[in-house]
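Colleague: So I've got this file, run-v4.cif, and it contains mmCIF, N, CA, C and O atoms:
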```cif
data_model
#
loop_
_atom_site.label_atom_id
_atom_site.label_comp_id
_atom_site.auth_asym_id
_atom_site.auth_seq_id
_atom_site.Cartn_x
_atom_site.Cartn_y
_atom_site.Cartn_z
N MET B 1 -5.71 -7.10 6.43
CA MET B 1 -4.78 -7.59 5.44
C MET B 1 -3.76 -8.53 6.09
O MET B 1 -3.35 -9.49 5.45
N GLU B 2 -3.39 -8.24 7.34
CA GLU B 2 -2.46 -9.13 8.04
C GLU B 2 -3.04 -10.53 8.18
O GLU B 2 -2.30 -11.50 8.24
N ARG B 3 -4.36 -10.63 8.23
CA ARG B 3 -5.03 -11.93 8.37
C ARG B 3 -5.36 -12.55 7.02
O ARG B 3 -6.14 -13.50 6.94
N GLY B 4 -4.80 -12.01 5.94
CA GLY B 4 -5.03 -12.57 4.62
C GLY B 4 -6.26 -12.05 3.92
O GLY B 4 -6.66 -12.57 2.88
N LEU B 5 -6.90 -11.00 4.46
CA LEU B 5 -8.10 -10.45 3.86
C LEU B 5 -7.71 -9.44 2.77
O LEU B 5 -7.73 -8.24 2.98
N ILE B 6 -7.34 -9.98 1.63
CA ILE B 6 -6.95 -9.14 0.49
C ILE B 6 -7.83 -9.50 -0.69
O ILE B 6 -8.49 -10.54 -0.69
N ASP B 7 -7.83 -8.65 -1.69
CA ASP B 7 -8.61 -8.93 -2.88
C ASP B 7 -7.77 -9.48 -4.01
O ASP B 7 -8.27 -10.20 -4.87
N ALA B 8 -6.48 -9.14 -4.02
CA ALA B 8 -5.61 -9.68 -5.06
C ALA B 8 -4.15 -9.54 -4.66
O ALA B 8 -3.76 -8.53 -4.08
N ASP B 9 -3.39 -10.57 -4.96
CA ASP B 9 -1.93 -10.51 -4.84
C ASP B 9 -1.44 -10.20 -6.25
O ASP B 9 -1.56 -11.02 -7.16
N LEU B 10 -0.92 -9.00 -6.43
CA LEU B 10 -0.50 -8.55 -7.76
C LEU B 10 0.93 -8.94 -8.09
O LEU B 10 1.44 -8.61 -9.15
N GLY B 11 1.58 -9.66 -7.19
CA GLY B 11 2.95 -10.09 -7.41
C GLY B 11 3.94 -9.01 -7.01
O GLY B 11 3.58 -7.84 -6.84
N GLY B 12 5.18 -9.39 -6.84
CA GLY B 12 6.22 -8.43 -6.52
C GLY B 12 5.99 -7.72 -5.20
O GLY B 12 6.33 -6.56 -5.05
N CYS B 13 5.36 -8.41 -4.24
CA CYS B 13 5.09 -7.87 -2.90
C CYS B 13 4.04 -6.76 -2.91
O CYS B 13 4.01 -5.92 -2.01
N VAL B 14 3.17 -6.73 -3.90
CA VAL B 14 2.11 -5.73 -3.98
C VAL B 14 0.76 -6.42 -3.85
O VAL B 14 0.47 -7.37 -4.58
N LEU B 15 -0.05 -5.94 -2.90
CA LEU B 15 -1.38 -6.48 -2.67
C LEU B 15 -2.43 -5.40 -2.97
O LEU B 15 -2.15 -4.22 -2.79
N LYS B 16 -3.62 -5.85 -3.38
CA LYS B 16 -4.72 -4.92 -3.61
C LYS B 16 -5.85 -5.24 -2.64
O LYS B 16 -6.17 -6.40 -2.41
N LYS B 17 -6.43 -4.18 -2.08
CA LYS B 17 -7.54 -4.32 -1.14
C LYS B 17 -8.63 -3.33 -1.51
O LYS B 17 -8.35 -2.14 -1.70
N ARG B 18 -9.85 -3.82 -1.63
CA ARG B 18 -11.00 -2.95 -1.85
C ARG B 18 -11.40 -2.35 -0.51
O ARG B 18 -11.40 -3.04 0.50
N VAL B 19 -11.74 -1.07 -0.52
CA VAL B 19 -12.15 -0.38 0.69
C VAL B 19 -13.52 0.23 0.46
O VAL B 19 -13.72 0.99 -0.50
N ALA B 20 -14.46 -0.12 1.32
CA ALA B 20 -15.82 0.41 1.19
C ALA B 20 -15.85 1.89 1.50
O ALA B 20 -15.08 2.39 2.32
N ARG B 21 -16.72 2.60 0.82
CA ARG B 21 -16.96 4.01 1.10
C ARG B 21 -18.40 4.15 1.55
O ARG B 21 -19.27 3.43 1.06
N PRO B 22 -18.68 5.07 2.45
CA PRO B 22 -20.05 5.22 2.96
C PRO B 22 -21.06 5.37 1.81
O PRO B 22 -20.88 6.17 0.90
N GLY B 23 -22.10 4.54 1.85
CA GLY B 23 -23.15 4.60 0.84
C GLY B 23 -22.81 3.94 -0.48
O GLY B 23 -23.64 3.88 -1.38
N ARG B 24 -21.59 3.45 -0.63
CA ARG B 24 -21.19 2.84 -1.90
C ARG B 24 -20.79 1.37 -1.75
O ARG B 24 -20.76 0.64 -2.72
N GLY B 25 -20.41 0.96 -0.56
CA GLY B 25 -19.94 -0.40 -0.37
C GLY B 25 -18.57 -0.59 -1.01
O GLY B 25 -17.94 0.35 -1.48
N LYS B 26 -18.11 -1.84 -1.02
CA LYS B 26 -16.79 -2.14 -1.58
C LYS B 26 -16.74 -2.02 -3.09
O LYS B 26 -15.77 -1.53 -3.65
N SER B 27 -17.79 -2.48 -3.77
CA SER B 27 -17.73 -2.49 -5.24
C SER B 27 -17.67 -1.08 -5.82
O SER B 27 -17.10 -0.87 -6.88
N GLY B 28 -18.24 -0.10 -5.14
CA GLY B 28 -18.19 1.28 -5.62
C GLY B 28 -17.20 2.14 -4.86
O GLY B 28 -17.21 3.35 -4.99
N GLY B 29 -16.36 1.50 -4.09
CA GLY B 29 -15.43 2.24 -3.23
C GLY B 29 -14.07 2.47 -3.86
O GLY B 29 -13.94 2.64 -5.07
N ALA B 30 -13.09 2.42 -3.01
CA ALA B 30 -11.72 2.70 -3.43
C ALA B 30 -10.90 1.42 -3.46
O ALA B 30 -11.28 0.40 -2.89
N ARG B 31 -9.78 1.50 -4.15
CA ARG B 31 -8.82 0.41 -4.20
C ARG B 31 -7.52 0.93 -3.60
O ARG B 31 -7.10 2.05 -3.89
N THR B 32 -6.90 0.12 -2.77
CA THR B 32 -5.61 0.49 -2.20
C THR B 32 -4.59 -0.55 -2.61
O THR B 32 -4.88 -1.75 -2.65
N LEU B 33 -3.40 -0.09 -2.93
CA LEU B 33 -2.29 -0.98 -3.25
C LEU B 33 -1.24 -0.81 -2.16
O LEU B 33 -0.87 0.32 -1.83
N VAL B 34 -0.80 -1.93 -1.63
CA VAL B 34 0.11 -1.93 -0.49
C VAL B 34 1.33 -2.79 -0.84
O VAL B 34 1.18 -3.90 -1.35
N ALA B 35 2.50 -2.26 -0.55
CA ALA B 35 3.74 -3.03 -0.67
C ALA B 35 4.00 -3.64 0.70
O ALA B 35 3.95 -2.95 1.72
N THR B 36 4.26 -4.94 0.74
CA THR B 36 4.43 -5.59 2.04
C THR B 36 5.28 -6.85 1.96
O THR B 36 5.34 -7.52 0.93
N ASN B 37 5.90 -7.13 3.10
CA ASN B 37 6.57 -8.42 3.27
C ASN B 37 5.64 -9.38 4.02
O ASN B 37 6.04 -10.47 4.39
N ARG B 38 4.40 -8.93 4.29
CA ARG B 38 3.36 -9.66 5.01
C ARG B 38 3.77 -9.95 6.45
O ARG B 38 3.21 -10.82 7.09
N GLY B 39 4.73 -9.21 6.94
CA GLY B 39 5.18 -9.35 8.32
C GLY B 39 5.07 -8.02 9.03
O GLY B 39 3.98 -7.57 9.38
N ASP B 40 6.21 -7.36 9.16
CA ASP B 40 6.25 -6.10 9.89
C ASP B 40 6.35 -4.87 8.99
O ASP B 40 6.49 -3.76 9.49
N ARG B 41 6.29 -5.05 7.69
CA ARG B 41 6.40 -3.92 6.77
C ARG B 41 5.18 -3.84 5.87
O ARG B 41 4.87 -4.75 5.11
N TRP B 42 4.47 -2.70 5.95
CA TRP B 42 3.28 -2.44 5.16
C TRP B 42 3.35 -0.99 4.68
O TRP B 42 3.37 -0.08 5.48
N PHE B 43 3.41 -0.79 3.38
CA PHE B 43 3.52 0.54 2.79
C PHE B 43 2.34 0.79 1.86
O PHE B 43 2.16 0.06 0.88
N PHE B 44 1.54 1.82 2.17
CA PHE B 44 0.51 2.24 1.24
C PHE B 44 1.23 2.93 0.09
O PHE B 44 1.96 3.89 0.29
N VAL B 45 1.06 2.42 -1.15
CA VAL B 45 1.79 3.00 -2.28
C VAL B 45 0.89 3.66 -3.32
O VAL B 45 1.36 4.49 -4.09
N PHE B 46 -0.41 3.29 -3.34
CA PHE B 46 -1.29 3.92 -4.34
C PHE B 46 -2.74 3.63 -3.98
O PHE B 46 -3.05 2.57 -3.43
N GLY B 47 -3.60 4.57 -4.29
CA GLY B 47 -5.02 4.37 -4.07
C GLY B 47 -5.82 5.07 -5.16
O GLY B 47 -5.36 6.06 -5.72
N PHE B 48 -6.98 4.53 -5.47
CA PHE B 48 -7.82 5.14 -6.48
C PHE B 48 -9.26 4.71 -6.28
O PHE B 48 -9.54 3.65 -5.71
N GLU B 49 -10.18 5.55 -6.75
CA GLU B 49 -11.60 5.19 -6.73
C GLU B 49 -11.91 4.37 -7.97
O GLU B 49 -11.45 4.70 -9.07
N LYS B 50 -12.70 3.34 -7.79
CA LYS B 50 -13.05 2.49 -8.92
C LYS B 50 -13.83 3.26 -9.97
O LYS B 50 -13.75 2.97 -11.16
N SER B 51 -14.56 4.29 -9.55
CA SER B 51 -15.33 5.08 -10.52
C SER B 51 -14.41 5.91 -11.41
O SER B 51 -14.81 6.34 -12.48
N VAL B 52 -13.17 6.11 -10.99
CA VAL B 52 -12.21 6.91 -11.77
C VAL B 52 -11.40 6.02 -12.72
O VAL B 52 -11.12 6.40 -13.84
N ARG B 53 -11.03 4.84 -12.23
CA ARG B 53 -10.25 3.90 -13.06
C ARG B 53 -10.50 2.50 -12.56
O ARG B 53 -10.80 2.30 -11.40
N THR B 54 -10.37 1.53 -13.42
CA THR B 54 -10.65 0.15 -13.02
C THR B 54 -9.45 -0.54 -12.40
O THR B 54 -9.62 -1.42 -11.56
N ASN B 55 -8.25 -0.16 -12.82
CA ASN B 55 -7.05 -0.82 -12.31
C ASN B 55 -5.83 0.00 -12.71
O ASN B 55 -5.95 1.03 -13.37
N VAL B 56 -4.66 -0.48 -12.35
CA VAL B 56 -3.42 0.14 -12.78
C VAL B 56 -2.96 -0.56 -14.06
O VAL B 56 -3.31 -1.72 -14.30
N SER B 57 -2.19 0.15 -14.86
CA SER B 57 -1.68 -0.45 -16.09
C SER B 57 -0.51 -1.38 -15.76
O SER B 57 0.04 -1.36 -14.66
N ALA B 58 -0.12 -2.18 -16.73
CA ALA B 58 1.02 -3.08 -16.55
C ALA B 58 2.29 -2.29 -16.24
O ALA B 58 3.10 -2.70 -15.40
N LYS B 59 2.45 -1.14 -16.89
CA LYS B 59 3.62 -0.30 -16.66
C LYS B 59 3.61 0.27 -15.23
O LYS B 59 4.63 0.30 -14.55
N GLU B 60 2.44 0.71 -14.79
CA GLU B 60 2.31 1.24 -13.43
C GLU B 60 2.57 0.14 -12.39
O GLU B 60 3.27 0.36 -11.39
N LEU B 61 2.04 -1.06 -12.64
CA LEU B 61 2.26 -2.17 -11.73
C LEU B 61 3.74 -2.51 -11.63
O LEU B 61 4.26 -2.73 -10.53
N ALA B 62 4.44 -2.53 -12.75
CA ALA B 62 5.88 -2.81 -12.73
C ALA B 62 6.62 -1.77 -11.90
O ALA B 62 7.53 -2.11 -11.13
N ALA B 63 6.24 -0.51 -12.03
CA ALA B 63 6.87 0.56 -11.24
C ALA B 63 6.56 0.39 -9.76
O ALA B 63 7.44 0.57 -8.90
N LEU B 64 5.33 0.01 -9.42
CA LEU B 64 4.96 -0.20 -8.02
C LEU B 64 5.68 -1.42 -7.44
O LEU B 64 6.09 -1.41 -6.28
N GLN B 65 5.87 -2.46 -8.23
CA GLN B 65 6.60 -3.63 -7.77
C GLN B 65 8.07 -3.28 -7.53
O GLN B 65 8.68 -3.74 -6.55
N SER B 66 8.64 -2.44 -8.38
CA SER B 66 10.02 -1.98 -8.18
C SER B 66 10.12 -1.13 -6.92
O SER B 66 11.07 -1.27 -6.13
N LEU B 67 9.13 -0.26 -6.71
CA LEU B 67 9.09 0.56 -5.50
C LEU B 67 8.99 -0.33 -4.27
O LEU B 67 9.67 -0.10 -3.27
N ALA B 68 8.14 -1.36 -4.34
CA ALA B 68 7.99 -2.29 -3.21
C ALA B 68 9.33 -2.94 -2.87
O ALA B 68 9.72 -3.01 -1.70
N THR B 69 10.05 -3.38 -3.88
CA THR B 69 11.37 -3.99 -3.65
C THR B 69 12.30 -3.02 -2.94
O THR B 69 12.96 -3.38 -1.96
N ASP B 70 12.32 -1.77 -3.40
CA ASP B 70 13.19 -0.75 -2.80
C ASP B 70 12.78 -0.45 -1.36
O ASP B 70 13.62 -0.37 -0.47
N LEU B 71 11.49 -0.28 -1.12
CA LEU B 71 11.02 0.03 0.23
C LEU B 71 11.31 -1.10 1.20
O LEU B 71 11.72 -0.86 2.34
N LEU B 72 11.11 -2.33 0.76
CA LEU B 72 11.29 -3.47 1.66
C LEU B 72 12.75 -3.76 1.96
O LEU B 72 13.05 -4.48 2.91
N LYS B 73 13.66 -3.17 1.19
CA LYS B 73 15.10 -3.33 1.46
C LYS B 73 15.60 -2.36 2.53
O LYS B 73 16.67 -2.57 3.09
N LEU B 74 14.85 -1.30 2.80
CA LEU B 74 15.31 -0.27 3.73
C LEU B 74 15.36 -0.80 5.16
O LEU B 74 14.45 -1.50 5.60
N SER B 75 16.41 -0.42 5.86
CA SER B 75 16.52 -0.77 7.28
C SER B 75 15.59 0.14 8.09
O SER B 75 15.09 1.15 7.59
N SER B 76 15.38 -0.22 9.35
CA SER B 76 14.56 0.62 10.23
C SER B 76 15.14 2.02 10.35
O SER B 76 14.41 3.00 10.33
N ALA B 77 16.46 2.12 10.46
CA ALA B 77 17.11 3.43 10.57
C ALA B 77 16.91 4.25 9.29
O ALA B 77 16.65 5.46 9.35
N GLU B 78 17.01 3.58 8.13
CA GLU B 78 16.80 4.29 6.86
C GLU B 78 15.34 4.75 6.73
O GLU B 78 15.09 5.86 6.26
N LEU B 79 14.42 3.93 7.17
CA LEU B 79 13.01 4.33 7.14
C LEU B 79 12.77 5.53 8.05
O LEU B 79 12.07 6.47 7.67
N ASP B 80 13.36 5.50 9.25
CA ASP B 80 13.22 6.63 10.17
C ASP B 80 13.74 7.91 9.54
O ASP B 80 13.12 8.97 9.65
N ARG B 81 14.88 7.84 8.85
CA ARG B 81 15.45 9.02 8.18
C ARG B 81 14.52 9.52 7.08
O ARG B 81 14.34 10.72 6.90
N GLN B 82 13.94 8.59 6.32
CA GLN B 82 13.02 8.98 5.25
C GLN B 82 11.80 9.71 5.83
O GLN B 82 11.31 10.69 5.25
N VAL B 83 11.31 9.26 6.97
CA VAL B 83 10.17 9.91 7.62
C VAL B 83 10.60 11.29 8.15
O VAL B 83 9.89 12.28 7.96
N GLU B 84 11.77 11.35 8.78
CA GLU B 84 12.27 12.63 9.30
C GLU B 84 12.47 13.66 8.19
O GLU B 84 12.25 14.85 8.40
N ASN B 85 12.87 13.20 7.01
CA ASN B 85 13.11 14.10 5.87
C ASN B 85 11.86 14.31 5.02
O ASN B 85 11.95 14.87 3.92
N ASP B 86 10.70 13.86 5.49
CA ASP B 86 9.43 14.01 4.79
C ASP B 86 9.41 13.36 3.41
O ASP B 86 8.67 13.78 2.51
N VAL B 87 10.22 12.33 3.22
CA VAL B 87 10.19 11.55 1.98
C VAL B 87 9.07 10.52 2.08
O VAL B 87 8.35 10.27 1.11
N LEU B 88 8.92 9.95 3.28
CA LEU B 88 7.84 9.01 3.59
C LEU B 88 7.06 9.56 4.76
O LEU B 88 7.59 10.31 5.58
N ALA B 89 5.80 9.17 4.85
CA ALA B 89 4.97 9.54 6.00
C ALA B 89 4.50 8.27 6.69
O ALA B 89 4.05 7.33 6.01
N GLU B 90 4.62 8.24 7.99
CA GLU B 90 4.16 7.09 8.75
C GLU B 90 2.69 7.28 9.08
O GLU B 90 2.27 8.34 9.55
N ILE B 91 1.91 6.24 8.82
CA ILE B 91 0.48 6.27 9.12
C ILE B 91 0.25 5.25 10.22
O ILE B 91 0.47 4.05 10.03
N CYS B 92 -0.17 5.70 11.36
CA CYS B 92 -0.39 4.83 12.50
C CYS B 92 -1.86 4.51 12.66
O CYS B 92 -2.70 5.39 12.56
N HIS B 93 -2.16 3.25 12.90
CA HIS B 93 -3.56 2.86 13.12
C HIS B 93 -3.86 2.72 14.61
O HIS B 93 -5.00 2.57 14.99
N ASP B 94 -2.86 2.78 15.44
CA ASP B 94 -3.05 2.65 16.89
C ASP B 94 -3.52 3.97 17.44
O ASP B 94 -2.82 4.98 17.36
N PRO B 95 -4.71 4.04 18.03
CA PRO B 95 -5.25 5.31 18.56
C PRO B 95 -4.33 5.94 19.62
O PRO B 95 -4.40 7.14 19.84
N ALA B 96 -3.46 5.15 20.24
CA ALA B 96 -2.56 5.68 21.26
C ALA B 96 -1.43 6.50 20.63
O ALA B 96 -0.78 7.28 21.31
N ASN B 97 -1.18 6.33 19.34
CA ASN B 97 -0.08 7.05 18.66
C ASN B 97 -0.55 8.36 18.09
O ASN B 97 -1.53 8.56 17.57
#
```
Turn the structure described in the file into structure tokens.
Modeller:
Amino acid sequence: MERGLIDADLGGCVLKKRVARPGRGKSGGARTLVATNRGDRWFFVFGFEKSVRTNVSAKELAALQSLATDLLKLSSAELDRQVENDVLAEICHDPAN
């Protein structure tokens, strides 16, 4: 996603990415919605299987865009506190972490 490999820019700092599932490929897989500034902030905010639903509603998207705005305003110290208080969970992709 950092390299621009997204499936849709939903506006309001929310991107959608299709994720392949074993034996199903991307079209039968999952959808992930990420709030991002496309720099150093990437927040997984919602995910769903395409077989369960085709997309989010306009109302849900507006709520996710509002959440994205709020998350992207947080300072590093505020984010650390949210993780410490189990409000947010940090997901690391670096095997060393």
Colleague: Could you pull the residues within 8 Å of B:Asn37, counting all atoms listed in the file, minus those fewer than 3 positions along the same chain, as a list in words?
Modeller: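 Close residues of B:Asn37: Cys13, Val14, Val34, Asp40, Arg41, Trp42, Phe43, Ala68 and Leu72 of chain B.
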Colleague: Quick one, how far is atom CA of B:Val87 from atom CA of B:Val19?
Modeller: 25.4 Å
Colleague: I need the residue set behind the PyMOL selection byres ((chain B and resi 45) around 7) for this file; please write it as a list in words.
Modeller: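 This file, filtered by the PyMOL selection byres ((chain B and resi 45) around 7), leaves Thr32, Leu33, Val34, Ala35, Phe43, Phe44, Phe46 and Gly47 of chain B.
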Colleague: Keeping only N, CA, C and O atoms, take the residues you just selected and write them out as a short mmCIF file (atom, residue, chain, number, x, y, z; two decimals), in the frame of the given file.
Modeller:
```cif
data_model
loop_
_atom_site.label_atom_id
_atom_site.label_comp_id
_atom_site.auth_asym_id
_atom_site.auth_seq_id
_atom_site.Cartn_x
_atom_site.Cartn_y
_atom_site.Cartn_z
N THR B 32 -6.90 0.12 -2.77
CA THR B 32 -5.61 0.49 -2.20
C THR B 32 -4.59 -0.55 -2.61
O THR B 32 -4.88 -1.75 -2.65
N LEU B 33 -3.40 -0.09 -2.93
CA LEU B 33 -2.29 -0.98 -3.25
C LEU B 33 -1.24 -0.81 -2.16
O LEU B 33 -0.87 0.32 -1.83
N VAL B 34 -0.80 -1.93 -1.63
CA VAL B 34 0.11 -1.93 -0.49
C VAL B 34 1.33 -2.79 -0.84
O VAL B 34 1.18 -3.90 -1.35
N ALA B 35 2.50 -2.26 -0.55
CA ALA B 35 3.74 -3.03 -0.67
C ALA B 35 4.00 -3.64 0.70
O ALA B 35 3.95 -2.95 1.72
N PHE B 43 3.41 -0.79 3.38
CA PHE B 43 3.52 0.54 2.79
C PHE B 43 2.34 0.79 1.86
O PHE B 43 2.16 0.06 0.88
N PHE B 44 1.54 1.82 2.17
CA PHE B 44 0.51 2.24 1.24
C PHE B 44 1.23 2.93 0.09
O PHE B 44 1.96 3.89 0.29
N PHE B 46 -0.41 3.29 -3.34
CA PHE B 46 -1.29 3.92 -4.34
C PHE B 46 -2.74 3.63 -3.98
O PHE B 46 -3.05 2.57 -3.43
N GLY B 47 -3.60 4.57 -4.29
CA GLY B 47 -5.02 4.37 -4.07
C GLY B 47 -5.82 5.07 -5.16
O GLY B 47 -5.36 6.06 -5.72
#
```
Colleague: What does the distance from atom N of B:Asp86 to atom O of B:Leu15 come to in Å, to one decimal?
Modeller: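 Atom N of B:Asp86 sits 23.7 Å away from atom O of B:Leu15.
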Colleague: Can you list every residue in chain B that DSSP puts in strand (DSSP E or B), as a PyMOL selection string?
Modeller: chain B and resi 8-11+14-21+25-36+42-49
Colleague: Tell me, in Å to one decimal, how far atom CA of B:Ala30 is from atom N of B:Lys17.
Modeller: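 Calculated distance between atom CA of B:Ala30 and atom N of B:Lys17 is 8.8 Å.
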Colleague: According to DSSP computed on the backbone, where in chain B is there alpha helix (DSSP H)? Give the residues as an MDAnalysis selection string.
Modeller: chainID B and resid 58:73 76:84
Colleague: For B:Glu2, which residue out of B:Cys92, B:Lys50, B:Arg38, B:Ser57 is the nearest one, using only C-alpha atoms?
Modeller: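 Ranking B:Cys92, B:Lys50, B:Arg38, B:Ser57 by distance to B:Glu2, first place goes to B:Arg38.
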Colleague: Kindly indicate which residue among B:Leu88, B:Leu71, B:Ala8, B:Met1 lies nearest to B:Gly39, using only C-alpha atoms for the distances.
Modeller: B:Met1
